[in-house]
file structure-v4.txt (compact mmCIF, C-alpha atoms)
# COMPACT_ATOMS: atom_id res chain seq x y z
CA MET P 1 135.00 22.60 158.08
CA ASN P 2 132.42 24.04 160.42
CA LYS P 3 132.98 27.47 158.92
CA ARG P 4 132.31 26.08 155.42
CA ILE P 5 129.06 24.46 156.56
CA ILE P 6 127.91 27.67 158.23
CA ALA P 7 128.74 29.69 155.12
CA LEU P 8 126.84 27.23 152.93
CA VAL P 9 123.81 27.34 155.20
CA LEU P 10 123.82 31.14 155.18
CA ALA P 11 124.05 31.16 151.40
CA LEU P 12 121.09 28.81 151.12
CA VAL P 13 119.05 30.92 153.53
CA LEU P 14 119.83 34.05 151.53
CA ALA P 15 118.86 32.37 148.27
CA LEU P 16 115.59 31.12 149.71
CA ALA P 17 114.82 34.59 151.05
CA CYS P 18 115.37 36.09 147.62
CA LEU P 19 113.09 33.52 146.03
CA ALA P 20 110.44 34.12 148.64
CA GLY P 21 110.71 37.84 148.05
CA CYS P 22 110.17 37.35 144.33
CA GLY P 23 107.19 35.13 145.04
CA LYS P 24 105.60 37.86 147.13
CA THR P 25 105.40 40.36 144.26
CA GLU P 26 101.76 41.60 144.23
CA THR P 27 99.57 43.23 141.65
CA LYS P 28 97.88 46.04 143.53
CA THR P 29 94.18 46.46 142.96
CA ASP P 30 93.60 49.35 145.34
CA ALA P 31 94.20 52.35 143.08
CA LYS P 32 94.53 54.63 146.11
CA THR P 33 97.75 52.87 147.15
CA ASP P 34 99.01 53.44 143.61
CA SER P 35 97.76 57.01 143.32
CA LYS P 36 101.03 58.12 141.68
CA GLU P 37 100.27 55.72 138.81
CA VAL P 38 96.68 56.89 138.34
CA VAL P 39 96.41 59.27 135.40
CA ILE P 40 93.56 61.72 135.80
CA PRO P 41 92.74 63.43 132.49
CA ALA P 42 93.36 67.14 132.33
CA VAL P 43 90.50 69.56 131.80
CA PRO P 44 90.17 70.43 128.08
CA ASP P 45 90.42 74.00 126.87
CA THR P 46 87.18 75.81 127.68
CA ASN P 47 88.00 79.00 125.74
CA GLY P 48 88.55 81.04 128.88
CA LYS P 49 85.19 80.15 130.38
CA SER P 50 84.61 78.43 133.68
CA SER P 51 83.81 74.74 133.24
CA LEU P 52 80.17 75.31 134.22
CA ASP P 53 79.79 78.22 131.80
CA TRP P 54 81.40 76.16 129.06
CA LEU P 55 78.93 73.33 129.62
CA LEU P 56 75.98 75.72 129.58
CA SER P 57 77.26 77.28 126.36
CA GLN P 58 77.13 73.97 124.46
CA GLU P 59 74.59 73.70 121.70
CA ASP P 60 73.81 70.10 122.63
CA LYS P 61 72.25 70.46 126.09
CA LEU P 62 70.39 67.13 126.06
CA PRO P 63 72.96 65.56 128.43
CA LEU P 64 72.77 68.48 130.88
CA ALA P 65 69.16 68.51 132.12
CA GLY P 66 69.18 70.21 135.50
CA LEU P 67 72.26 72.39 135.11
CA GLN P 68 71.70 76.07 135.76
CA GLN P 69 73.80 79.22 135.75
CA ALA P 70 75.40 80.22 139.03
CA LYS P 71 73.69 83.63 138.78
CA LEU P 72 70.08 84.10 137.67
CA ASP P 73 68.41 87.29 136.48
CA SER P 74 65.49 88.67 138.46
CA ARG P 75 61.94 87.73 137.42
CA SER P 76 60.19 90.17 139.74
CA ASP P 77 58.99 92.34 136.84
CA ILE P 78 56.87 89.49 135.40
CA TYR P 79 53.33 89.67 136.75
CA LYS P 80 52.20 86.29 138.09
CA ALA P 81 49.03 87.16 140.09
CA ILE P 82 50.66 86.09 143.36
CA ASP P 83 49.08 89.09 145.10
CA LYS P 84 45.62 87.75 144.19
CA LEU P 85 46.44 84.40 145.77
CA GLN P 86 47.77 85.95 148.95
CA ALA P 87 44.64 88.09 149.25
CA LYS P 88 42.44 84.96 149.26
CA GLY P 89 43.48 83.95 152.74
CA ASP P 90 44.07 80.37 153.78
CA LYS P 91 41.05 78.62 152.25
CA ILE P 92 41.72 78.07 148.57
CA THR P 93 40.94 75.77 145.65
CA VAL P 94 43.84 74.12 143.83
CA ALA P 95 43.20 72.96 140.26
CA TRP P 96 45.56 70.19 139.16
CA ALA P 97 45.97 69.42 135.46
CA SER P 98 47.71 66.01 135.35
CA ALA P 99 49.56 64.82 132.26
CA SER P 100 48.67 61.21 133.05
CA GLN P 101 47.50 58.79 135.71
CA GLY P 102 48.96 55.82 133.86
CA SER P 103 51.79 54.94 136.26
CA SER P 104 52.48 54.91 139.98
CA PHE P 105 54.67 58.00 139.59
CA PHE P 106 51.74 60.12 138.40
CA THR P 107 49.19 58.62 140.75
CA GLU P 108 51.49 59.15 143.74
CA MET P 109 52.19 62.71 142.69
CA THR P 110 48.48 63.51 142.55
CA ARG P 111 47.63 61.52 145.67
CA SER P 112 50.28 63.24 147.77
CA ALA P 113 49.19 66.67 146.51
CA GLU P 114 45.55 65.94 147.35
CA GLU P 115 46.45 64.63 150.81
CA GLN P 116 48.47 67.75 151.55
CA CYS P 117 45.56 69.95 150.43
CA LYS P 118 43.22 68.04 152.76
CA GLU P 119 45.66 68.62 155.61
CA TYR P 120 45.42 72.37 154.97
CA GLY P 121 41.64 72.29 154.54
CA TRP P 122 41.89 73.25 150.87
CA ASN P 123 39.76 72.11 147.93
CA PHE P 124 41.50 69.97 145.30
CA LEU P 125 40.27 69.49 141.74
CA CYS P 126 42.05 67.17 139.31
CA GLN P 127 41.72 66.14 135.67
CA SER P 128 44.08 63.95 133.65
CA ALA P 129 44.92 64.32 129.96
CA GLU P 130 46.70 60.97 129.43
CA PHE P 131 49.42 62.77 127.46
CA ASP P 132 47.03 64.29 124.95
CA LEU P 133 47.79 67.99 124.44
CA GLY P 134 44.35 68.90 123.09
CA THR P 135 42.67 67.19 126.03
CA GLN P 136 44.82 69.04 128.54
CA GLN P 137 44.19 72.39 126.86
CA THR P 138 40.43 71.76 127.07
CA GLN P 139 40.77 70.77 130.73
CA ILE P 140 42.69 73.97 131.50
CA GLU P 141 39.97 76.01 129.78
CA ASN P 142 37.40 74.27 131.96
CA PHE P 143 39.40 75.02 135.10
CA LEU P 144 39.71 78.69 134.15
CA SER P 145 35.93 78.93 133.86
CA GLN P 146 35.55 77.73 137.47
CA ASP P 147 36.20 79.42 140.79
CA ILE P 148 39.78 78.28 141.33
CA ASP P 149 42.62 80.11 143.09
CA ILE P 150 45.74 78.51 141.62
CA LEU P 151 46.47 76.22 138.67
CA VAL P 152 49.14 73.53 138.84
CA CYS P 153 49.85 72.03 135.45
CA ASN P 154 51.77 68.80 134.95
CA ALA P 155 52.27 69.95 131.40
CA VAL P 156 51.99 67.69 128.38
CA ASP P 157 53.73 70.45 126.37
CA ILE P 158 54.68 73.45 128.46
CA ASP P 159 55.61 75.63 125.47
CA ALA P 160 52.31 74.95 123.69
CA GLU P 161 50.35 76.01 126.77
CA VAL P 162 51.94 79.39 127.55
CA GLU P 163 48.92 81.31 126.29
CA TYR P 164 46.72 79.49 128.81
CA TYR P 165 49.03 80.56 131.63
CA ARG P 166 48.73 84.16 130.44
CA GLN P 167 44.95 83.89 130.39
CA ALA P 168 44.98 82.48 133.91
CA VAL P 169 47.15 85.30 135.24
CA GLU P 170 44.88 87.87 133.59
CA LYS P 171 42.02 86.30 135.57
CA GLY P 172 44.07 86.61 138.77
CA ILE P 173 45.00 82.90 138.90
CA PRO P 174 48.70 82.16 139.38
CA CYS P 175 50.17 79.08 137.70
CA ILE P 176 52.88 76.58 138.61
CA ALA P 177 54.13 73.96 136.15
CA VAL P 178 55.50 70.62 137.31
CA GLY P 179 57.62 68.59 134.90
CA PRO P 180 58.56 66.96 132.75
CA THR P 181 59.87 70.00 130.84
CA ALA P 182 61.25 73.21 132.30
CA GLY P 183 59.56 76.52 131.56
CA LYS P 184 61.40 79.56 130.24
CA ALA P 185 62.27 82.37 132.63
CA GLU P 186 60.01 84.79 130.77
CA TYR P 187 56.88 82.65 131.10
CA PRO P 188 54.26 84.10 133.49
CA LEU P 189 54.62 81.13 135.83
CA VAL P 190 55.37 81.38 139.53
CA THR P 191 57.94 78.70 138.69
CA SER P 192 58.28 75.36 136.94
CA VAL P 193 59.39 72.38 139.01
CA VAL P 194 61.25 69.53 137.32
CA SER P 195 63.65 66.78 138.30
CA GLY P 196 67.38 67.26 137.85
CA SER P 197 68.20 64.22 135.73
CA TRP P 198 71.92 64.94 135.43
CA ALA P 199 72.22 65.31 139.21
CA ALA P 200 70.51 61.94 139.79
CA GLY P 201 72.95 60.17 137.49
CA TYR P 202 75.83 62.05 139.07
CA ALA P 203 74.87 60.91 142.58
CA VAL P 204 74.78 57.28 141.43
CA GLY P 205 78.11 57.62 139.62
CA GLU P 206 79.81 59.02 142.72
CA TYR P 207 78.48 56.20 144.87
CA VAL P 208 79.50 53.48 142.41
CA ALA P 209 83.04 54.89 142.11
CA GLU P 210 83.46 54.79 145.86
CA LYS P 211 81.79 51.41 146.31
CA LEU P 212 83.91 49.75 143.64
CA TRP P 213 87.12 51.63 144.36
CA GLY P 214 90.17 49.55 143.45
CA LYS P 215 88.22 46.65 141.94
CA TYR P 216 88.69 47.56 138.26
CA PRO P 217 92.25 48.89 137.89
CA GLY P 218 92.04 48.80 134.10
CA GLY P 219 88.80 50.78 134.06
CA ILE P 220 85.24 49.56 134.60
CA ASN P 221 83.33 48.49 131.48
CA PHE P 222 80.14 50.54 131.52
CA GLY P 223 77.04 50.14 129.38
CA THR P 224 73.64 51.77 129.58
CA VAL P 225 70.11 51.17 128.38
CA ILE P 226 68.18 54.35 127.60
CA SER P 227 64.64 54.96 126.48
CA ARG P 228 65.18 57.44 123.62
CA ALA P 229 68.41 58.81 122.16
CA GLY P 230 66.87 62.23 121.58
CA ASP P 231 65.45 62.59 125.08
CA ALA P 232 66.96 64.82 127.80
CA ASP P 233 66.51 62.27 130.60
CA SER P 234 68.03 59.50 128.48
CA ASN P 235 71.12 61.61 127.83
CA SER P 236 71.45 63.35 131.17
CA ARG P 237 71.36 60.37 133.53
CA PRO P 238 74.20 58.38 131.89
CA CYS P 239 76.15 61.59 131.30
CA GLY P 240 75.74 62.52 134.97
CA PHE P 241 76.85 59.01 135.97
CA VAL P 242 80.10 59.28 134.00
CA CYS P 243 80.79 62.76 135.41
CA GLY P 244 80.12 61.67 139.01
CA TYR P 245 82.19 58.52 138.61
CA LEU P 246 85.19 60.45 137.26
CA ASN P 247 84.99 63.20 139.88
CA LYS P 248 84.85 60.73 142.78
CA TYR P 249 87.58 58.57 141.21
CA ALA P 250 89.92 61.58 141.01
CA GLU P 251 89.14 62.45 144.62
CA LEU P 252 89.87 58.91 145.83
CA ALA P 253 93.13 58.92 143.87
CA ASP P 254 94.19 62.05 145.82
CA LYS P 255 94.12 64.03 142.58
CA PRO P 256 90.82 65.92 142.88
CA TYR P 257 89.60 68.39 140.31
CA GLU P 258 89.23 72.00 141.44
CA SER P 259 85.51 71.70 140.83
CA LYS P 260 83.12 68.94 139.89
CA TRP P 261 82.38 70.91 136.73
CA ASP P 262 85.95 70.24 135.54
CA ALA P 263 85.22 66.50 135.70
CA ALA P 264 81.84 67.19 134.10
CA VAL P 265 83.46 68.71 130.99
CA ILE P 266 85.38 65.46 130.45
CA GLY P 267 82.39 63.28 131.28
CA TYR P 268 80.14 65.27 128.95
CA LYS P 269 82.58 64.84 126.07
CA ALA P 270 82.90 61.12 126.77
CA TRP P 271 79.12 60.57 126.78
CA ILE P 272 78.65 62.58 123.57
CA GLU P 273 81.34 60.48 121.89
CA CYS P 274 79.76 57.24 123.12
CA ARG P 275 76.27 58.31 122.04
CA ASP P 276 77.38 59.48 118.59
CA LYS P 277 80.15 56.97 117.80
CA GLY P 278 79.11 53.93 119.83
CA SER P 279 81.84 53.90 122.46
CA ALA P 280 84.28 56.10 124.36
CA LYS P 281 86.94 55.77 127.03
CA ILE P 282 88.41 57.73 129.91
CA GLU P 283 91.63 55.76 129.93
CA GLY P 284 92.12 53.46 132.90
CA ILE P 285 89.00 54.76 134.68
CA ILE P 286 85.79 54.04 132.77
CA ASN P 287 85.21 52.41 129.40
CA LEU P 288 81.90 53.38 127.83
CA VAL P 289 81.51 50.23 125.74
CA GLY P 290 78.11 51.06 124.31
CA TYR P 291 74.41 51.61 124.90
CA GLY P 292 71.05 50.21 123.89
CA THR P 293 68.01 52.29 122.96
CA ALA P 294 64.69 50.82 124.06
CA GLY P 295 62.40 53.25 122.24
CA ALA P 296 60.04 53.17 125.23
CA THR P 297 60.15 52.91 129.03
CA ASP P 298 58.60 49.46 129.61
CA ALA P 299 60.46 46.36 130.77
CA ALA P 300 59.97 44.40 127.51
CA SER P 301 61.58 47.20 125.51
CA GLY P 302 64.38 47.37 128.06
CA GLN P 303 65.03 43.64 127.67
CA LYS P 304 65.31 43.87 123.90
CA ALA P 305 67.78 46.76 124.13
CA ALA P 306 69.78 44.88 126.80
CA ALA P 307 69.91 41.79 124.58
CA ASP P 308 71.57 43.75 121.78
CA LEU P 309 73.93 45.44 124.24
CA LEU P 310 75.02 42.23 125.98
CA THR P 311 75.42 40.34 122.72
CA ALA P 312 77.74 43.02 121.40
CA HIS P 313 79.61 43.55 124.69
CA SER P 314 79.90 40.41 126.78
CA ASP P 315 82.63 42.04 128.89
CA ILE P 316 80.32 44.62 130.51
CA ASN P 317 80.86 45.01 134.26
CA ILE P 318 77.95 47.33 135.02
CA ILE P 319 74.75 48.49 133.30
CA LEU P 320 72.94 51.71 134.09
CA SER P 321 69.21 51.59 133.39
CA GLU P 322 68.24 55.16 132.54
CA THR P 323 64.92 54.78 134.34
CA ASP P 324 64.00 51.94 136.64
CA SER P 325 60.94 50.87 134.64
CA LEU P 326 63.39 49.49 132.04
CA CYS P 327 65.35 47.60 134.64
CA PRO P 328 63.28 44.41 135.09
CA GLY P 329 63.89 43.64 131.42
CA ILE P 330 67.63 44.24 131.79
CA TYR P 331 67.66 41.96 134.82
CA GLN P 332 65.96 39.15 132.91
CA GLU P 333 68.26 39.52 129.93
CA ILE P 334 71.37 39.22 132.10
CA ILE P 335 69.98 35.90 133.34
CA GLN P 336 69.24 34.85 129.73
CA HIS P 337 72.93 35.40 128.99
CA GLY P 338 73.86 32.95 131.74
CA LYS P 339 75.06 35.58 134.18
CA LYS P 340 73.99 36.51 137.68
CA PRO P 341 72.67 40.05 138.25
CA GLY P 342 74.48 41.80 141.06
CA GLU P 343 77.53 39.54 140.79
CA ASP P 344 78.62 38.87 137.22
CA ILE P 345 77.07 42.12 136.01
CA LEU P 346 76.18 44.97 138.36
CA ILE P 347 72.97 46.95 137.85
CA CYS P 348 72.10 50.51 138.81
CA CYS P 349 69.36 52.95 137.76
CA GLY P 350 69.40 56.65 136.94
CA ALA P 351 65.89 57.13 138.42
CA ASP P 352 63.18 56.86 139.92
CA ALA P 353 63.50 54.73 143.10
CA ALA P 354 60.18 52.87 142.82
CA ASP P 355 59.42 50.00 145.20
CA TYR P 356 60.20 47.19 142.73
CA THR P 357 63.69 48.65 142.29
CA LEU P 358 64.17 49.18 146.01
CA GLU P 359 63.28 45.53 146.66
CA LYS P 360 66.11 44.46 144.33
CA ILE P 361 68.53 46.81 146.08
CA LYS P 362 67.49 45.41 149.44
CA ALA P 363 68.16 41.91 148.10
CA GLY P 364 71.58 42.98 146.84
CA GLU P 365 70.73 42.34 143.18
CA TYR P 366 70.83 46.02 142.17
CA LEU P 367 73.52 48.34 143.43
CA ALA P 368 71.92 51.79 143.47
CA VAL P 369 69.26 54.14 142.08
CA GLY P 370 68.97 57.91 141.79
CA VAL P 371 65.98 59.45 143.52
CA ASN P 372 63.31 61.12 141.40
CA VAL P 373 60.26 60.64 143.57
CA PRO P 374 56.82 62.17 142.90
CA TYR P 375 56.45 63.66 146.38
CA TYR P 376 58.47 66.76 145.50
CA THR P 377 56.20 67.68 142.61
CA GLY P 378 53.08 66.60 144.53
CA GLU P 379 52.92 67.46 148.22
CA GLY P 380 56.13 69.52 147.90
CA VAL P 381 54.48 71.96 145.48
CA VAL P 382 51.40 72.24 147.71
CA LYS P 383 53.68 73.07 150.64
CA MET P 384 55.30 75.75 148.50
CA ILE P 385 51.85 77.25 147.79
CA LYS P 386 51.25 77.32 151.53
CA LYS P 387 54.55 79.12 152.03
CA ILE P 388 53.62 81.69 149.36
CA ILE P 389 50.38 82.44 151.21
CA SER P 390 51.58 82.33 154.81
CA GLU P 391 55.01 83.95 154.43
CA PRO P 392 54.46 87.23 152.55
CA ASP P 393 58.00 88.35 153.34
CA TRP P 394 59.35 85.44 151.31
CA ASP P 395 59.86 86.91 147.83
CA SER P 396 57.77 84.35 145.96
CA ASN P 397 57.35 86.81 143.08
CA ASN P 398 61.02 86.26 142.30
CA LEU P 399 61.41 82.49 142.18
CA PRO P 400 63.62 80.91 139.49
CA GLY P 401 61.89 80.08 136.24
CA VAL P 402 63.00 76.50 136.92
CA MET P 403 63.36 74.86 140.31
CA TYR P 404 65.07 71.47 140.22
CA THR P 405 63.99 68.95 142.81
CA PRO P 406 66.67 67.46 145.06
CA THR P 407 68.07 64.01 144.54
CA TYR P 408 70.23 61.48 146.32
CA CYS P 409 71.41 57.92 145.79
CA VAL P 410 69.56 55.00 147.37
CA ASN P 411 71.92 52.05 147.52
CA VAL P 412 72.72 48.76 149.21
CA ASP P 413 74.27 50.66 152.12
CA ASN P 414 71.43 53.08 152.97
CA ILE P 415 68.34 51.21 151.73
CA ASN P 416 66.88 50.69 155.21
CA GLU P 417 67.07 54.42 155.98
CA ALA P 418 65.73 55.52 152.58
CA TRP P 419 62.78 53.12 152.32
CA ASP P 420 60.38 51.68 154.89
CA GLY P 421 59.83 48.51 152.87
CA SER P 422 56.22 49.28 151.90
CA ALA P 423 55.97 52.78 150.35
CA PRO P 424 55.65 52.99 146.55
CA PHE P 425 58.83 55.10 146.37
CA ALA P 426 61.85 56.03 148.45
CA GLN P 427 61.27 58.86 150.86
CA ALA P 428 61.84 62.43 149.75
CA GLY P 429 64.74 64.36 151.22
CA GLU P 430 64.67 67.96 152.36
CA TRP P 431 63.80 70.49 149.67
CA VAL P 432 65.01 74.02 150.34
CA GLN P 433 63.07 76.27 147.97
CA GLN P 434 65.08 79.39 147.16
CA THR P 435 64.19 82.75 145.69
CA ILE P 436 66.49 84.06 142.97
CA ASP P 437 68.29 86.28 145.47
CA GLU P 438 68.76 83.33 147.82
CA TYR P 439 69.96 81.15 144.96
CA ASN P 440 72.47 83.75 143.76
CA ALA P 441 73.80 84.25 147.27
CA ALA P 442 74.19 80.50 147.78
CA ASN P 443 76.08 80.11 144.52
CA GLY P 444 78.41 83.03 145.09
call {"tool": "encode", "arguments": {"input": "structure-v4.txt", "output": "structure tokens"}}
result
Amino acid sequence: MNKRIIALVLALVLALACLAGCGKTETKTDAKTDSKEVVIPAVPDTNGKSSLDWLLSQEDKLPLAGLQQAKLDSRSDIYKAIDKLQAKGDKITVAWASASQGSSFFTEMTRSAEEQCKEYGWNFLCQSAEFDLGTQQTQIENFLSQDIDILVCNAVDIDAEVEYYRQAVEKGIPCIAVGPTAGKAEYPLVTSVVSGSWAAGYAVGEYVAEKLWGKYPGGINFGTVISRAGDADSNSRPCGFVCGYLNKYAELADKPYESKWDAAVIGYKAWIECRDKGSAKIEGIINLVGYGTAGATDAASGQKAAADLLTAHSDINIILSETDSLCPGIYQEIIQHGKKPGEDILICCGADAADYTLEKIKAGEYLAVGVNVPYYTGEGVVKMIKKIISEPDWDSNNLPGVMYTPTYCVNVDNINEAWDGSAPFAQAGEWVQQTIDEYNAANG
């Protein structure tokens, strides 16, 4: 009898254990623990080219602003009047042709350049065209009639002003262009300095993938608000985001691509499909549910575009604002839809890291922003002029036709290091300015 009771008890215990075991079945949300189940898309056929070369060979380069060949041809045979500048000594006059003074980005660029000139004891002259090409051309003509030593042009239309750069060089005045458009290698410019929009989006995408790792096992629903569909910045920042997100996701899944450019081929194709067809998907990783086009860069336009986007796609998990001036409107529209920014819908920005965006990051309402601060193209360019004068062994006659400013991601984790809480923009990182030979050596 005792044996029967013991056997019955053991049977009950075993049955309960089995039931408990079934009850403990878990749905894993950390994709890294399920890395064998994560499917990372293969790199498409690139016709025998490296992934970077394939990207650079595409006719549609709007989503690739900031990408450059791994090897650049020399520009040392183009006369740029650098010898005339170096012969002037260390007391010079810098003429600054500003495209605009209509936003804090432009005013900070000019202010930081002027402050750096004062630190060197240089003269600084500035005129602003307020985005009018004819006005800027007249202002350049006026500068060239004065006793100036170098012209820095924040070009309204860099291609329409090439003849003025040639005239300046003939007068012994070297020229540097600073954004928003890159100059061609054959232009008689010392260099043109622009922001790398794709790289800014990429940095944000990498951060977001790591920050949200494991939280969206079916793929995060991603939407974006851009200023203009035909604009390089508007295409490059969301494209860079998708590429960075995919590359970091593959790395975290222990299935990294051989190069980030492999992930970029897939991300590029996904963004093109989303832009042209309305949506796209990298299965199980990121769902590009759609985008809104503001038609401008102000907050009101951003809100209208966000309204259309959120009405059509109520399941969005995260919105990328192409530039942070659009973002206050996106923020308000999320609230209008009865959702809480930073919780129900996450917000990040492709650029620029202005103070009003940094305040939201500090409060935890925005997740991240890519850095495109005006200090590189302001004081950074003046420091480069100083280097040209004071370091004659540095081959400044052979700088790349385009120098892209560095970027990084300011986010909820590094906000206190990146911003002092009062500056108009996040702080600039280190900018290593390379000659073409230095660039080629660094890129192998």
call {"tool": "closest_residue", "arguments": {"input": "structure-v4.txt", "among": "P:Gly380, P:Gly421, P:Gly295, P:Gly134", "to": "Arg228 in chain P", "atoms": "all atoms listed in the file"}}
result
P:Gly295
call {"tool": "closest_residue", "arguments": {"input": "structure-v4.txt", "among": "P:Val162, P:Val371, P:Val412, P:Val289", "to": "Gly342 in chain P", "atoms": "all atoms listed in the file"}}
result
P:Val412
call {"tool": "residues_around", "arguments": {"input": "structure-v4.txt", "residues": "range 223-227 of chain P", "least_positions_apart": "4", "cutoff": "8 Å", "atoms": "only C-alpha atoms", "output": "count of residues only"}}
result
26
call {"tool": "closest_residue", "arguments": {"input": "structure-v4.txt", "among": "P:Trp431, P:Leu85, P:Met403, P:Cys175", "to": "Gln68 in chain P", "atoms": "only C-alpha atoms"}}
result
P:Met403
call {"tool": "residues_near_point", "arguments": {"input": "structure-v4.txt", "point": "(42.7, 78.5, 131.6)", "cutoff": "12 Å", "atoms": "all atoms listed in the file", "output": "ChimeraX atom specification"}}
result
/P:95-97,136-153,161-175
call {"tool": "residues_around", "arguments": {"input": "structure-v4.txt", "residues": "Asn154 in chain P", "least_positions_apart": "6", "cutoff": "8 Å", "atoms": "only C-alpha atoms", "output": "list of chain:residue names"}}
result
P:Trp96, P:Ala97, P:Ser98, P:Ala99, P:Ala177, P:Val178, P:Gly179, P:Pro180
call {"tool": "residues_around", "arguments": {"input": "structure-v4.txt", "residues": "range 400-402 of chain P", "least_positions_apart": "2", "cutoff": "8 Å", "atoms": "all atoms listed in the file", "output": "number ranges by chain"}}
result
P: 72, 75, 182-187, 189-194, 398, 404, 434-436
call {"tool": "atom_distance", "arguments": {"input": "structure-v4.txt", "atom1": "CA of Ser259 in chain P", "atom2": "CA of Asp53 in chain P"}}
result
12.5 Å
call {"tool": "residues_around", "arguments": {"input": "structure-v4.txt", "residues": "Val242 in chain P", "least_positions_apart": "5", "cutoff": "12 Å", "atoms": "only C-alpha atoms", "output": "number ranges by chain"}}
result
P: 63, 198-209, 220-224, 235-237, 247-249, 260, 263-272, 274, 280-282, 285-288, 320, 350
call {"tool": "closest_residue", "arguments": {"input": "structure-v4.txt", "among": "P:Ala312, P:Ile385, P:Gly278, P:Leu212", "to": "Leu367 in chain P", "atoms": "only C-alpha atoms"}}
result
P:Leu212
call {"tool": "atom_distance", "arguments": {"input": "structure-v4.txt", "atom1": "CA of Ala428 in chain P", "atom2": "CA of Val373 in chain P"}}
result
6.6 Å
call {"tool": "atom_distance", "arguments": {"input": "structure-v4.txt", "atom1": "CA of Trp122 in chain P", "atom2": "CA of Ser103 in chain P"}}
result
25.4 Å
call {"tool": "closest_residue", "arguments": {"input": "structure-v4.txt", "among": "P:Leu399, P:Ala232, P:Ala418, P:Ala42", "to": "Ala353 in chain P", "atoms": "only C-alpha atoms"}}
result
P:Ala418
call {"tool": "residues_around", "arguments": {"input": "structure-v4.txt", "residues": "Gln336 in chain P", "least_positions_apart": "4", "cutoff": "12 Å", "atoms": "all atoms listed in the file", "output": "list in words"}}
result
Gln303, Lys304, Ala306, Ala307, Leu310, Thr311, Gly329, Ile330, Tyr331, Gln332, Lys340 and Pro341 of chain P
call {"tool": "closest_residue", "arguments": {"input": "structure-v4.txt", "among": "P:Ser301, P:Ser100, P:Ser51, P:Asn411", "to": "Ser325 in chain P", "atoms": "only C-alpha atoms"}}
result
P:Ser301
call {"tool": "decode", "arguments": {"input": "structure-v4.txt", "residues": "range 248-252 of chain P", "atoms": "all heavy atoms", "output": "tab-separated table (two decimals), in the first residue's frame"}}
result
chain	number	residue	atom	x	y	z
P	248	LYS	N	25.08	47.53	-37.96
P	248	LYS	CA	25.20	47.26	-36.53
P	248	LYS	C	24.36	46.06	-36.12
P	248	LYS	O	24.78	45.25	-35.28
P	248	LYS	CB	24.80	48.50	-35.74
P	248	LYS	CG	24.87	48.33	-34.23
P	248	LYS	CD	26.24	47.93	-33.74
P	248	LYS	CE	27.26	49.04	-33.88
P	248	LYS	NZ	28.56	48.70	-33.23
P	249	TYR	N	23.19	45.91	-36.70
P	249	TYR	CA	22.31	44.78	-36.39
P	249	TYR	C	23.02	43.46	-36.74
P	249	TYR	O	23.00	42.51	-35.95
P	249	TYR	CB	21.00	44.91	-37.17
P	249	TYR	CG	19.91	43.97	-36.72
P	249	TYR	CD1	18.90	44.42	-35.88
P	249	TYR	CD2	19.87	42.64	-37.13
P	249	TYR	CE1	17.88	43.58	-35.46
P	249	TYR	CE2	18.86	41.79	-36.71
P	249	TYR	CZ	17.87	42.26	-35.87
P	249	TYR	OH	16.88	41.42	-35.46
P	250	ALA	N	23.64	43.42	-37.92
P	250	ALA	CA	24.35	42.21	-38.33
P	250	ALA	C	25.51	41.91	-37.38
P	250	ALA	O	25.77	40.74	-37.03
P	250	ALA	CB	24.86	42.37	-39.76
P	251	GLU	N	26.19	42.94	-36.96
P	251	GLU	CA	27.30	42.78	-36.02
P	251	GLU	C	26.81	42.22	-34.68
P	251	GLU	O	27.41	41.29	-34.13
P	251	GLU	CB	27.99	44.13	-35.82
P	251	GLU	CG	29.15	44.13	-34.85
P	251	GLU	CD	29.67	45.53	-34.59
P	251	GLU	OE1	29.87	46.27	-35.58
P	251	GLU	OE2	29.84	45.89	-33.41
P	252	LEU	N	25.72	42.77	-34.17
P	252	LEU	CA	25.18	42.30	-32.89
P	252	LEU	C	24.64	40.89	-32.97
P	252	LEU	O	24.60	40.16	-31.97
P	252	LEU	CB	24.08	43.26	-32.42
P	252	LEU	CG	24.55	44.67	-32.05
P	252	LEU	CD1	23.35	45.60	-31.88
P	252	LEU	CD2	25.39	44.65	-30.78
